[in-house]
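Peer 1: Structure incoming, see below.
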Amino acid sequence: MTELTEKELDEILKESVSEQLKLDKPIRTDNIEDFLNTHIKKKAVLGFDIYRYSQFDSLRQTLIPHLFKKLYHISIKNCLKNEQFFLEYKNLADFENRFIDTGDGGFQIFDTPIEAVIFAIYFQANIVRYNSGNQIHSDLHNLVGEISLRYSLTYDNVYCYKKNHYGPAIINCARIMSKDKLNRFLIDDNTIIWFNSELNSIETCQLFEAEKDFPTIPIFKDKFNKESYKSILFGKTSNNIKRLDILKIGEIKSKTDILSIYSAHFQVSFGSRGKDFVKFLVTLGNLNSSGLSE
C-alpha cells in the first residue's frame, strides 16, 4: 500500500483548487479523486481487544497493554513460522507497520480476509495457552488472571498517510466491535462476499486439503508448491478446523449503506509442547445469536 504524503496532497490540491480559482475555473474534483484512488486499496481489518478492560482494577489495567503486546508478538512469531504460505510477511516489523495500537488491543491490516482469520485463530490459541496458567506468561497470569477477547473483521478501503492508516474498513471495524457485549467474532458482509467469490464460502475453509485443493483455487494455485508447502491449520492432506459456523445477527448503518453483520464460530485443534497431554481445542467466537447492542 503506497503511502500518501503531505507534499503530494498539497501539490494536487494546488493544481486542482488554487490554480483553477486563479483562472476563474471550476474546481477539478475528478483530478483529486483519481489521484486519491491510486492510494486507496481494499484491505481486511481485524479488530481485537481485551473484553471489559475498563472493569479491571488499576494494577491489572496497567499490566494489560504489556500482556497484550507479548501475546501479539508470540502470535506473529507463530504465523511467521507456520503460515507463511498465507501470510507473506518477512518479520515482526511488517506486522507492526500495519497495526493500530489501542493499548488493550488494536487493528491489524491484512491484504485479504483469509489472512486475518488465520491470525485471529493463532491469537486466540495463545489466549487459551495463557489462560491455562502454566504454558506462557504464567507470571502475568498470576497477577492479571484469565482474559477474554472480542474480534471483528471488515473488508473495505484503507489508505496510509504519514505512517497512519485511515478508511471505512477501520471505522466500520471499530463500530462493529463496540456493539458486541458477548465477546464474539463479528464480520461484515463485505468479508462474506470476498469468501464467496474467492473460496465459494467461508464455511468451505473447513474442507480444505491443501495438496488436493490449492492447485485448483486461483488465489493459491500460482504459489502452491507441494514440496515446500507448510501449514499447521491446513495440512497437505488434513485440516485442523473442526467446526465453522456463521450466523447473521443484525445490521448497522455505515454512511448511506446498511452493513449486514455475521457472527463467526471456529473450533480448531492444536498441539502443545512441554506437556504430557499435548492436544487442545481453540474456540474463536461463540454461538450466541443475540443481536447487536444499541
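Just remember, in the C-alpha cells the first chain shown is A, the second B, etc., residues are 1-based per chain, and ligands are 1-based in the order shown.
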With 9 Å as the cut-off and only C-alpha atoms counted, what is the closest atom pair between each nearby residue of range 113-137 of chain A and range 253-273 of chain A? Distances in Å to one decimal, ordered by chain and number, as a tab-separated table.

Peer 2:
residue	atom	partner	partner_atom	distance
A:Ile121	CA	A:Val268	CA	7.8
A:Ala125	CA	A:Phe270	CA	8.0
A:Arg129	CA	A:Ser272	CA	8.7
A:Gln135	CA	A:Ser272	CA	8.8

Peer 1: Looking at A:Ile246, A:Ala93, A:Val278, A:Ile74, which one is nearest to His137 in chain A, with distances taken over only C-alpha atoms?

Peer 2: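 Closest to His137 in chain A of all the choices is A:Ile74.
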
Peer 1: Please list as a PyMOL selection string every residue within 12 Å of Leu292 in chain A, counting only C-alpha atoms and excluding residues in the same chain fewer than 2 positions away.

Peer 2: chain A and resi 175-184+186+248-252+260-263+288-290+294

Peer 1: List as a list of chain:residue names the protein and nucleic acid residues near Asn31 in chain A, meaning an atom at most 8 Å away when only C-alpha atoms are counted, but skip any in the same chain fewer than 4 places from it.

Peer 2: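 Once the nearby chain positions are removed, what remains is A:Ile12, A:Ser16, A:Phe35.
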
Peer 1: Selected residues, N, CA and C atoms, written as an mmCIF file, in the first residue's frame, please.

Peer 2:
data_model
loop_
_atom_site.group_PDB
_atom_site.id
_atom_site.type_symbol
_atom_site.label_atom_id
_atom_site.label_comp_id
_atom_site.auth_asym_id
_atom_site.auth_seq_id
_atom_site.Cartn_x
_atom_site.Cartn_y
_atom_site.Cartn_z
ATOM 1 N N ILE A 12 -1.459 18.330 -5.421
ATOM 2 C CA ILE A 12 -2.679 18.057 -6.172
ATOM 3 C C ILE A 12 -3.791 19.038 -5.796
ATOM 4 N N SER A 16 -5.533 21.486 -8.469
ATOM 5 C CA SER A 16 -6.958 21.277 -8.718
ATOM 6 C C SER A 16 -7.850 22.351 -8.125
ATOM 7 N N PHE A 35 -6.381 10.846 -8.236
ATOM 8 C CA PHE A 35 -5.114 10.763 -7.515
ATOM 9 C C PHE A 35 -5.274 9.965 -6.220
#

Peer 1: Give me the residues within 9 Å of Leu207 in chain A as number ranges by chain, counting only C-alpha atoms and dropping any in the same chain fewer than 6 places off.

Peer 2: A: 238-239, 241

Peer 1: Can you pull out every residue from range 17-262 of chain A that DSSP, working from the backbone, puts in alpha helix (DSSP H), and format the result as a PyMOL selection string?

Peer 2: chain A and resi 19-22+29-37+58-82+92-96+113-131+138-144+168-178+189-199+210-213+218-221

Peer 1: When DSSP is applied to the backbone of this structure, which of range 74-250 of chain A are assigned strand (DSSP E or B)? Write them out as a ChimeraX atom specification.

Peer 2: /A:99-101,105-110,149-161,164-166,185-188,234,239,241-250

Peer 1: List the spatial neighbours of Leu9 in chain A as a VMD selection string - criterion: any atom at most 10 Å away, only C-alpha atoms, same-chain residues fewer than 6 positions off excluded.

Peer 2: chain A and resid 15 32 35 to 36 161

Peer 1: Between A:Ile192, A:Ile217, A:Leu284, A:Ile109, which residue has the minimum interatomic distance to Ala44 in chain A, considering only C-alpha atoms?

Peer 2: A:Ile109
